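Heads up, run.cif below (mmCIF, C-alpha atoms):
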```cif
data_work
loop_
_atom_site.label_atom_id
_atom_site.label_comp_id
_atom_site.auth_asym_id
_atom_site.auth_seq_id
_atom_site.Cartn_x
_atom_site.Cartn_y
_atom_site.Cartn_z
CA MET A 1 10.19 37.55 116.26
CA ARG A 2 9.93 40.82 114.36
CA ALA A 3 11.75 42.75 117.09
CA ILE A 4 14.60 40.21 117.10
CA PHE A 5 14.75 40.31 113.30
CA GLU A 6 14.98 44.12 113.27
CA LYS A 7 17.59 44.14 116.03
CA THR A 8 19.74 41.71 114.04
CA LEU A 9 19.54 43.94 110.96
CA ARG A 10 20.41 47.04 112.98
CA ASN A 11 23.52 45.31 114.29
CA MET A 12 24.53 44.37 110.74
CA PHE A 13 24.03 47.83 109.29
CA LYS A 14 25.86 50.07 111.69
CA PRO A 15 27.42 53.01 109.78
CA ILE A 16 30.99 52.14 110.74
CA ILE A 17 30.59 48.53 109.58
CA ILE A 18 28.99 49.55 106.28
CA SER A 19 31.72 52.14 105.65
CA ILE A 20 34.59 49.73 106.27
CA TYR A 21 33.00 46.97 104.20
CA PHE A 22 32.42 49.10 101.11
CA ILE A 23 35.77 50.92 101.34
CA ILE A 24 37.52 47.54 101.25
CA LEU A 25 35.22 46.38 98.44
CA ILE A 26 35.95 49.48 96.33
CA LEU A 27 39.71 49.18 96.82
CA ILE A 28 39.80 45.48 95.95
CA THR A 29 37.52 46.02 92.95
CA ILE A 30 39.70 48.85 91.59
CA LEU A 31 42.84 46.76 91.97
CA MET A 32 41.25 43.80 90.22
CA TYR A 33 39.95 45.86 87.31
CA MET A 34 43.18 47.78 86.88
CA GLY A 35 45.04 44.49 86.72
CA SER A 36 42.81 43.26 83.89
CA LYS A 37 42.48 46.56 82.02
CA GLU A 38 45.49 46.08 79.76
CA ASP A 39 44.38 42.65 78.56
CA ASN A 40 40.85 43.86 77.83
CA SER A 41 42.14 46.80 75.78
CA LEU A 42 43.79 44.38 73.34
CA LEU A 43 40.47 42.76 72.44
CA VAL A 44 38.73 44.49 69.55
CA THR A 45 35.69 42.34 68.85
CA ILE A 46 32.56 42.52 70.97
CA PRO A 47 32.36 38.73 71.53
CA SER A 48 35.99 38.60 72.69
CA GLN A 49 35.44 41.57 75.02
CA ILE A 50 32.32 40.00 76.50
CA GLU A 51 34.09 36.67 77.03
CA SER A 52 37.13 38.30 78.62
CA ILE A 53 35.16 40.61 80.90
CA LYS A 54 32.81 37.78 81.90
CA THR A 55 35.84 35.72 82.86
CA VAL A 56 37.45 38.44 84.98
CA TYR A 57 34.25 39.50 86.70
CA SER A 58 33.00 35.94 87.16
CA LEU A 59 36.22 34.99 88.92
CA PHE A 60 35.90 38.08 91.10
CA VAL A 61 32.36 37.08 92.10
CA PHE A 62 33.36 33.48 92.77
CA MET A 63 36.54 34.12 94.73
CA TYR A 64 35.73 37.37 96.53
CA LEU A 65 32.08 38.46 96.54
CA GLY A 66 30.57 34.98 96.76
CA GLY A 67 33.54 33.41 98.52
CA ILE A 68 35.94 35.21 100.83
CA ALA A 69 33.70 38.26 101.43
CA VAL A 70 30.68 36.10 102.28
CA ILE A 71 32.67 33.97 104.71
CA ILE A 72 34.21 37.01 106.41
CA MET A 73 30.77 38.63 106.59
CA MET A 74 29.37 35.48 108.16
CA MET A 75 32.31 35.41 110.57
CA ILE A 76 31.63 38.99 111.66
CA PHE A 77 27.85 38.74 111.95
CA GLY A 78 27.06 35.02 112.14
CA LEU A 79 29.34 34.20 115.04
CA ASP A 80 27.66 36.97 117.04
CA ILE A 81 24.03 35.95 116.73
CA PHE A 82 24.06 33.62 119.75
CA ALA A 83 27.52 33.49 121.32
CA THR A 84 28.07 37.19 122.02
CA GLU A 85 24.66 37.74 123.60
CA GLU A 86 25.12 34.63 125.71
CA TYR A 87 28.65 35.59 126.72
CA GLU A 88 27.70 39.20 127.57
CA GLY A 89 24.58 38.11 129.42
CA THR A 90 22.08 39.89 127.14
CA MET A 91 20.56 36.55 126.13
CA LYS A 92 19.16 36.29 129.66
CA ILE A 93 17.23 39.50 129.06
CA LEU A 94 15.84 38.18 125.79
CA VAL A 95 14.63 34.85 127.17
CA ALA A 96 13.10 36.65 130.19
CA LYS A 97 10.84 38.64 127.88
CA PRO A 98 7.46 37.30 126.70
CA VAL A 99 8.93 35.84 123.52
CA SER A 100 9.67 32.20 122.79
CA ARG A 101 13.17 30.91 122.19
CA SER A 102 12.01 29.72 118.79
CA SER A 103 11.17 33.30 117.84
CA ILE A 104 14.59 34.46 119.04
CA VAL A 105 16.42 31.82 116.99
CA PHE A 106 14.36 32.26 113.83
CA GLY A 107 14.45 36.05 114.08
CA LYS A 108 18.22 36.07 114.32
CA ILE A 109 18.80 33.54 111.52
CA ILE A 110 16.34 35.18 109.12
CA GLY A 111 17.83 38.61 109.89
CA LEU A 112 21.31 37.24 109.20
CA LEU A 113 20.21 35.77 105.86
CA ILE A 114 18.34 38.88 104.67
CA GLY A 115 21.07 41.28 105.78
CA SER A 116 23.81 39.20 104.13
CA LEU A 117 21.87 39.01 100.87
CA PHE A 118 21.49 42.80 100.87
CA TYR A 119 25.26 43.16 101.34
CA PHE A 120 25.92 40.73 98.49
CA ILE A 121 23.54 42.39 96.01
CA SER A 122 24.87 45.83 96.95
CA SER A 123 28.40 44.55 96.38
CA LEU A 124 27.45 43.38 92.89
CA VAL A 125 26.00 46.80 92.04
CA VAL A 126 28.97 48.74 93.43
CA SER A 127 31.61 46.52 91.82
CA VAL A 128 30.01 46.45 88.37
CA THR A 129 29.57 50.23 88.52
CA ILE A 130 33.30 50.62 89.18
CA PHE A 131 34.02 48.19 86.36
CA LEU A 132 31.83 50.27 84.05
CA LEU A 133 33.57 53.53 85.01
CA PHE A 134 37.12 52.20 84.71
CA ASN A 135 36.73 50.21 81.50
CA ASN A 136 34.34 52.39 79.50
CA LEU A 137 32.39 49.31 78.44
CA ASP A 138 30.57 49.03 75.16
CA LYS A 139 26.81 48.82 75.69
CA ASP A 140 26.62 45.26 74.35
CA VAL A 141 29.46 44.15 76.63
CA PHE A 142 27.76 45.75 79.64
CA ILE A 143 24.43 44.11 78.80
CA GLY A 144 26.20 40.76 78.40
CA LEU A 145 27.60 41.16 81.89
CA LEU A 146 24.28 42.22 83.42
CA LYS A 147 22.59 39.10 82.03
CA LEU A 148 24.67 37.06 84.46
CA PHE A 149 23.44 38.97 87.50
CA PRO A 150 20.47 36.69 88.32
CA ASN A 151 22.83 33.70 88.38
CA PHE A 152 25.36 35.58 90.48
CA ILE A 153 22.60 36.29 92.99
CA ILE A 154 21.50 32.65 93.05
CA PHE A 155 25.07 31.57 93.79
CA GLY A 156 25.39 34.26 96.45
CA MET A 157 22.21 33.02 98.14
CA PHE A 158 23.59 29.47 98.02
CA MET A 159 26.88 30.46 99.66
CA ILE A 160 25.18 32.66 102.25
CA LEU A 161 22.89 29.79 103.21
CA ILE A 162 25.77 27.36 103.63
CA PHE A 163 28.07 29.58 105.65
CA SER A 164 25.35 31.19 107.74
CA SER A 165 24.37 27.69 108.84
CA ILE A 166 27.99 26.90 109.73
CA MET A 167 28.43 30.15 111.66
CA SER A 168 25.11 29.86 113.48
CA PHE A 169 26.04 26.35 114.57
CA LEU A 170 29.49 27.48 115.76
CA SER A 171 27.83 30.40 117.56
CA SER A 172 25.55 28.00 119.39
CA LEU A 173 28.46 25.66 120.12
CA PHE A 174 31.00 28.07 121.65
CA ARG A 175 30.35 30.92 124.07
CA LYS A 176 33.59 32.66 123.05
CA LYS A 177 34.38 33.60 119.45
CA VAL A 178 38.05 32.61 119.39
CA PRO A 179 37.56 28.88 118.63
CA SER A 180 34.96 29.72 115.97
CA ILE A 181 37.25 32.30 114.34
CA ILE A 182 40.13 29.81 114.21
CA ILE A 183 37.88 27.20 112.56
CA THR A 184 36.58 29.79 110.07
CA VAL A 185 40.07 31.04 109.12
CA LEU A 186 41.23 27.47 108.54
CA LEU A 187 38.13 26.91 106.42
CA VAL A 188 38.87 29.95 104.23
CA LEU A 189 42.53 29.02 103.80
CA GLY A 190 41.61 25.45 102.96
CA ILE A 191 38.86 26.20 100.44
CA PHE A 192 40.51 29.11 98.60
CA GLY A 193 44.17 28.36 99.19
CA VAL A 194 45.21 24.79 99.93
CA LEU A 195 42.65 22.88 97.86
CA PRO A 196 43.15 24.75 94.54
CA ILE A 197 46.93 24.32 94.84
CA LEU A 198 46.59 20.65 95.77
CA ARG A 199 44.20 20.14 92.85
CA GLN A 200 46.66 21.63 90.35
CA ILE A 201 49.53 19.53 91.72
CA THR A 202 47.58 16.27 91.51
CA LEU A 203 46.16 17.14 88.07
CA ASN A 204 49.68 17.76 86.76
CA ARG A 205 50.69 14.37 88.15
CA ASN A 206 47.56 12.73 86.67
CA ASN A 207 46.37 11.34 90.01
CA TYR A 208 43.63 13.81 90.99
CA PHE A 209 40.80 11.47 89.98
CA SER A 210 42.53 8.22 90.90
CA SER A 211 43.15 9.52 94.43
CA LYS A 212 39.44 10.53 94.73
CA LEU A 213 40.51 14.00 95.86
CA TYR A 214 37.37 15.49 94.30
CA TYR A 215 35.35 14.08 97.21
CA ILE A 216 36.94 16.59 99.59
CA ASP A 217 37.71 19.33 97.05
CA ILE A 218 35.12 21.81 98.31
CA ASN A 219 36.59 24.54 96.11
CA SER A 220 35.99 22.47 92.99
CA GLN A 221 32.51 21.52 94.14
CA PHE A 222 31.55 25.17 94.67
CA GLY A 223 33.29 26.07 91.41
CA ASN A 224 31.37 23.51 89.38
CA ILE A 225 28.07 24.60 90.91
CA TYR A 226 28.95 28.21 90.13
CA MET A 227 30.08 27.55 86.55
CA SER A 228 26.98 25.47 85.82
CA LEU A 229 24.99 28.62 86.59
CA ILE A 230 26.95 31.18 84.59
CA GLU A 231 27.78 29.05 81.54
CA GLN A 232 24.10 29.27 80.51
CA GLY A 233 24.48 26.36 78.11
CA ASN A 234 27.14 28.12 76.01
CA GLU A 235 30.01 26.28 74.40
CA SER A 236 33.25 26.70 76.30
CA ASN A 237 35.89 29.08 75.00
CA GLU A 238 39.30 27.58 75.64
CA LEU A 239 40.96 30.98 75.27
CA TYR A 240 39.62 31.90 78.72
CA ASP A 241 38.84 28.50 80.21
CA GLN A 242 42.45 28.10 81.36
CA THR A 243 41.90 30.98 83.79
CA ILE A 244 38.54 29.61 84.97
CA ALA A 245 40.03 26.11 85.31
CA MET A 246 42.68 27.12 87.81
CA TYR A 247 40.33 28.70 90.33
CA THR A 248 37.07 26.79 89.94
CA GLY A 249 38.05 23.28 88.87
CA ARG A 250 35.41 23.39 86.12
CA TYR A 251 37.95 22.34 83.49
CA VAL A 252 40.84 19.91 83.74
CA ASN A 253 43.75 18.98 81.52
CA SER A 254 42.90 16.35 78.94
CA ASP A 255 45.37 13.81 77.62
CA TYR A 256 48.02 15.01 75.23
CA ASP A 257 47.16 14.50 71.58
CA PRO A 258 50.13 12.80 69.84
CA ASP A 259 48.96 14.16 66.49
CA LEU A 260 49.55 17.74 67.63
CA GLU A 261 52.78 19.25 66.37
CA ASN A 262 53.22 21.23 69.56
CA GLU A 263 53.61 18.61 72.30
CA SER A 264 53.49 21.27 75.03
CA TYR A 265 49.93 22.20 74.09
CA ILE A 266 47.45 21.27 76.81
CA SER A 267 43.83 20.80 75.88
CA LEU A 268 41.06 21.34 78.41
CA LYS A 269 37.94 19.32 79.00
CA LYS A 270 34.96 19.98 81.21
CA ASN A 271 35.08 18.33 84.60
CA ASP A 272 31.91 16.24 84.63
CA ILE A 273 32.73 14.17 87.71
CA TYR A 274 30.01 15.89 89.76
CA ASN A 275 26.26 15.48 89.48
CA ILE A 276 25.35 19.13 90.07
CA PRO A 277 21.72 18.64 91.27
CA ILE A 278 22.81 15.97 93.75
CA LEU A 279 25.74 18.13 94.87
CA VAL A 280 23.50 21.16 95.44
CA GLY A 281 20.92 19.04 97.23
CA SER A 282 23.58 17.57 99.52
CA TYR A 283 24.82 21.01 100.53
CA LEU A 284 21.28 22.25 101.15
CA ILE A 285 20.55 19.23 103.37
CA PHE A 286 23.83 19.89 105.18
CA SER A 287 22.90 23.57 105.71
CA PHE A 288 19.38 22.94 106.98
CA GLY A 289 20.77 20.19 109.20
CA LEU A 290 23.15 22.66 110.84
CA PHE A 291 20.34 25.20 111.23
CA TYR A 292 18.28 22.53 112.95
CA LEU A 293 21.15 21.60 115.27
CA SER A 294 21.62 25.29 116.11
CA TYR A 295 17.92 25.56 116.86
CA ARG A 296 17.93 22.47 119.08
CA ARG A 297 20.99 23.62 121.02
CA MET A 298 19.53 27.07 121.70
CA ILE A 299 16.14 25.64 122.69
CA LYS A 300 17.67 23.24 125.22
CA LYS A 301 20.54 25.40 126.44
CA ASP A 302 20.46 26.56 130.05
CA ILE A 303 20.89 30.37 129.86
CA THR A 304 19.60 31.24 133.33
#
```

Can the structure in the file be given as structure tokens, please?
Amino acid sequence: MRAIFEKTLRNMFKPIIISIYFIILILITILMYMGSKEDNSLLVTIPSQIESIKTVYSLFVFMYLGGIAVIIMMMIFGLDIFATEEYEGTMKILVAKPVSRSSIVFGKIIGLLIGSLFYFISSLVVSVTIFLLFNNLDKDVFIGLLKLFPNFIIFGMFMILIFSSIMSFLSSLFRKKVPSIIITVLLVLGIFGVLPILRQITLNRNNYFSSKLYYIDINSQFGNIYMSLIEQGNESNELYDQTIAMYTGRYVNSDYDPDLENESYISLKKNDIYNIPILVGSYLIFSFGLFYLSYRRMIKKDIT
């Protein structure tokens, strides 16, 4: 299994792949920070700076590092772990060697998980370094941001586990990558495009909860899991919650207060529709179930 594990890591860390990944990461990070630089410069107090920077960086981690980037990374590496070797005929060489199929499957999956986690943690370090250089952060603001890193990593591990299980299952299901890529692209567009827009439309029409849309709102489910980690028990700050609300579904519009002089004012309340432990447990069961199905398919598959 060790040889398979090391081979999987070598495939993930080819110089050209690493270079392209981090060039894209640096460019996207610079664009994101430059877009938020003007707003941050208007905040003079340390608490307001910490809250603003936490919001910007937290959204970046949720939407890109722990979201789109993880899924794309899984699409590049995860769809290859079984399908490509089977399609190119190299899987026949592997199964002909004195190594069990179980060792091949576990070696590839564990290599995929470890390699992806290394990419994610490296992305956190690179992106926060750029943020530090561009924004000239006060020490207290920087420390406040670093305190969130353990929770960012936990969320990253959670997302990697989910999507690596999906990709490994698709890789065991299809010999060619085209069907798997189509499914993955639709998944990305749905989670980070269609569902947030649909959520905002139904919330504005006051029928999001009555229509039970939250049952299929994967974006909101991931967002609530994520926010439950990074909130750290702090009271919400409505000044920035409106930004968080749009992309994570953690906050929703509350009813208008007739006593308010400004009738256009919209108050936010925390979305407590989800039981976070049950939600996390359900996704973990789902992930390990897909890993098991991948394992069973590769054990029984005729590769000769």

So which residues touch Ile17 in chain A within 12 Å, counting only C-alpha atoms, skipping near sequence neighbours fewer than 6 positions away, as a ChimeraX atom specification?
-> /A:10-11,23-24,73,76-77,119

Can you list, as a list in words, the residues that the PyMOL selection byres ((chain A and resi 122) around 12) selects here?
->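 For this structure, the PyMOL selection byres ((chain A and resi 122) around 12) captures Ile18, Tyr21, Phe22, Leu25, Ile26, Leu65, Gly115, Ser116, Leu117, Phe118, Tyr119, Phe120, Ile121, Ser123, Leu124, Val125, Val126, Ser127, Val128, Thr129, Phe149, Ile153 and Gly156 of chain A.
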
To verify the selection step, state as a PyMOL selection string which residues the PyMOL selection byres ((chain A and resi 152) around 9) yields on this input.
-> chain A and resi 58+61-62+66+121+124+148-151+153-157+226+229-230

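From CA of Gly67 in chain A back to CA of Ile81 in chain A, the distance works out to 20.7 Å.
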
Rounded to one decimal in Å, what is the spacing between CA of Asn224 in chain A and CA of Met246 in chain A?
->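 About the pair CA of Asn224 in chain A and CA of Met246 in chain A: they are 12.0 Å apart.
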
What are the centre and the three edge lengths of an axis-aligned box that wraps all atoms of range 55-70 of chain A in the file, given that 6 Å is added to every side, written as AutoDock Vina command-line options and rounded to one decimal in Å?
```
--center_x 34.0 --center_y 36.5 --center_z 92.6 --size_x 18.9 --size_y 18.1 --size_z 31.4
```

Can you list, as a ChimeraX atom specification, the residues that the PyMOL selection byres ((chain A and resi 228) around 12) selects here?
-> /A:148,151-152,154-155,220-227,229-236,248-251,270-272,274-277,279-280

Output for the residues just chosen: C-alpha atoms as an mmCIF file, in the frame of the given file:
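Output file result-v2.cif follows:
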```cif
data_model
loop_
_atom_site.group_PDB
_atom_site.id
_atom_site.type_symbol
_atom_site.label_atom_id
_atom_site.label_comp_id
_atom_site.auth_asym_id
_atom_site.auth_seq_id
_atom_site.Cartn_x
_atom_site.Cartn_y
_atom_site.Cartn_z
ATOM 1 C CA LEU A 148 24.670 37.060 84.460
ATOM 2 C CA ASN A 151 22.830 33.700 88.380
ATOM 3 C CA PHE A 152 25.360 35.580 90.480
ATOM 4 C CA ILE A 154 21.500 32.650 93.050
ATOM 5 C CA PHE A 155 25.070 31.570 93.790
ATOM 6 C CA SER A 220 35.990 22.470 92.990
ATOM 7 C CA GLN A 221 32.510 21.520 94.140
ATOM 8 C CA PHE A 222 31.550 25.170 94.670
ATOM 9 C CA GLY A 223 33.290 26.070 91.410
ATOM 10 C CA ASN A 224 31.370 23.510 89.380
ATOM 11 C CA ILE A 225 28.070 24.600 90.910
ATOM 12 C CA TYR A 226 28.950 28.210 90.130
ATOM 13 C CA MET A 227 30.080 27.550 86.550
ATOM 14 C CA LEU A 229 24.990 28.620 86.590
ATOM 15 C CA ILE A 230 26.950 31.180 84.590
ATOM 16 C CA GLU A 231 27.780 29.050 81.540
ATOM 17 C CA GLN A 232 24.100 29.270 80.510
ATOM 18 C CA GLY A 233 24.480 26.360 78.110
ATOM 19 C CA ASN A 234 27.140 28.120 76.010
ATOM 20 C CA GLU A 235 30.010 26.280 74.400
ATOM 21 C CA SER A 236 33.250 26.700 76.300
ATOM 22 C CA THR A 248 37.070 26.790 89.940
ATOM 23 C CA GLY A 249 38.050 23.280 88.870
ATOM 24 C CA ARG A 250 35.410 23.390 86.120
ATOM 25 C CA TYR A 251 37.950 22.340 83.490
ATOM 26 C CA LYS A 270 34.960 19.980 81.210
ATOM 27 C CA ASN A 271 35.080 18.330 84.600
ATOM 28 C CA ASP A 272 31.910 16.240 84.630
ATOM 29 C CA TYR A 274 30.010 15.890 89.760
ATOM 30 C CA ASN A 275 26.260 15.480 89.480
ATOM 31 C CA ILE A 276 25.350 19.130 90.070
ATOM 32 C CA PRO A 277 21.720 18.640 91.270
ATOM 33 C CA LEU A 279 25.740 18.130 94.870
ATOM 34 C CA VAL A 280 23.500 21.160 95.440
#
```

Measure the distance from CA of Ser294 in chain A to CA of Ser172 in chain A in Å and round it to one decimal.
->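 CA of Ser294 in chain A sits 5.8 Å away from CA of Ser172 in chain A.
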
Considering all atoms listed in the file, state which residue in the set A:Ala245, A:Ile182, A:Val188, A:Leu113 is at the smallest distance from Phe5 in chain A.
->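 Under the stated criterion, the closest residue is A:Leu113.
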
Across A:Leu79, A:Ile244, A:Met159, A:Ala3, the smallest distance to Lys177 in chain A, with only C-alpha atoms counted, is shown by A:Leu79

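Considering all atoms listed in the file, the residue among A:Ile28, A:Leu198, A:Ile109, A:Met298 positioned nearest to Phe174 in chain A is A:Met298.
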
Exercise: Leu213 in chain A partners within 12 Å, only C-alpha atoms, chain neighbours under 2 positions left out, as a PDB file with C-alpha atoms, in the coordinates of the input:
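Dumped to out-v1.pdb:
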```
ATOM      1  CA  LEU A 195      42.650  22.880  97.860  1.00  0.00           C
ATOM      2  CA  PRO A 196      43.150  24.750  94.540  1.00  0.00           C
ATOM      3  CA  LEU A 198      46.590  20.650  95.770  1.00  0.00           C
ATOM      4  CA  ARG A 199      44.200  20.140  92.850  1.00  0.00           C
ATOM      5  CA  GLN A 200      46.660  21.630  90.350  1.00  0.00           C
ATOM      6  CA  ILE A 201      49.530  19.530  91.720  1.00  0.00           C
ATOM      7  CA  THR A 202      47.580  16.270  91.510  1.00  0.00           C
ATOM      8  CA  LEU A 203      46.160  17.140  88.070  1.00  0.00           C
ATOM      9  CA  ASN A 206      47.560  12.730  86.670  1.00  0.00           C
ATOM     10  CA  ASN A 207      46.370  11.340  90.010  1.00  0.00           C
ATOM     11  CA  TYR A 208      43.630  13.810  90.990  1.00  0.00           C
ATOM     12  CA  PHE A 209      40.800  11.470  89.980  1.00  0.00           C
ATOM     13  CA  SER A 210      42.530   8.220  90.900  1.00  0.00           C
ATOM     14  CA  SER A 211      43.150   9.520  94.430  1.00  0.00           C
ATOM     15  CA  TYR A 215      35.350  14.080  97.210  1.00  0.00           C
ATOM     16  CA  ILE A 216      36.940  16.590  99.590  1.00  0.00           C
ATOM     17  CA  ASP A 217      37.710  19.330  97.050  1.00  0.00           C
ATOM     18  CA  ILE A 218      35.120  21.810  98.310  1.00  0.00           C
ATOM     19  CA  ASN A 219      36.590  24.540  96.110  1.00  0.00           C
ATOM     20  CA  SER A 220      35.990  22.470  92.990  1.00  0.00           C
ATOM     21  CA  GLN A 221      32.510  21.520  94.140  1.00  0.00           C
ATOM     22  CA  GLY A 249      38.050  23.280  88.870  1.00  0.00           C
ATOM     23  CA  ILE A 273      32.730  14.170  87.710  1.00  0.00           C
TER      24      ILE A 273
END
```

Range 288-290 of chain A surroundings by only C-alpha atoms, 12 Å radius, close-in-sequence under 5 positions cut, as number ranges by chain = A: 109, 158, 161-173, 281-283, 295-297

Selection export as a CSV table (one decimal), keeping the file's coordinate frame, atoms kept: C-alpha atoms:
```
chain,number,residue,atom,x,y,z
A,109,ILE,CA,18.8,33.5,111.5
A,158,PHE,CA,23.6,29.5,98.0
A,161,LEU,CA,22.9,29.8,103.2
A,162,ILE,CA,25.8,27.4,103.6
A,163,PHE,CA,28.1,29.6,105.6
A,164,SER,CA,25.4,31.2,107.7
A,165,SER,CA,24.4,27.7,108.8
A,166,ILE,CA,28.0,26.9,109.7
A,167,MET,CA,28.4,30.2,111.7
A,168,SER,CA,25.1,29.9,113.5
A,169,PHE,CA,26.0,26.4,114.6
A,170,LEU,CA,29.5,27.5,115.8
A,171,SER,CA,27.8,30.4,117.6
A,172,SER,CA,25.6,28.0,119.4
A,173,LEU,CA,28.5,25.7,120.1
A,281,GLY,CA,20.9,19.0,97.2
A,282,SER,CA,23.6,17.6,99.5
A,283,TYR,CA,24.8,21.0,100.5
A,295,TYR,CA,17.9,25.6,116.9
A,296,ARG,CA,17.9,22.5,119.1
A,297,ARG,CA,21.0,23.6,121.0
```

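Each of A:Leu112, A:Ile72, A:Tyr247, A:Leu31 was checked against Phe192 in chain A using all atoms listed in the file; the smallest atom-to-atom distance is that of A:Tyr247.
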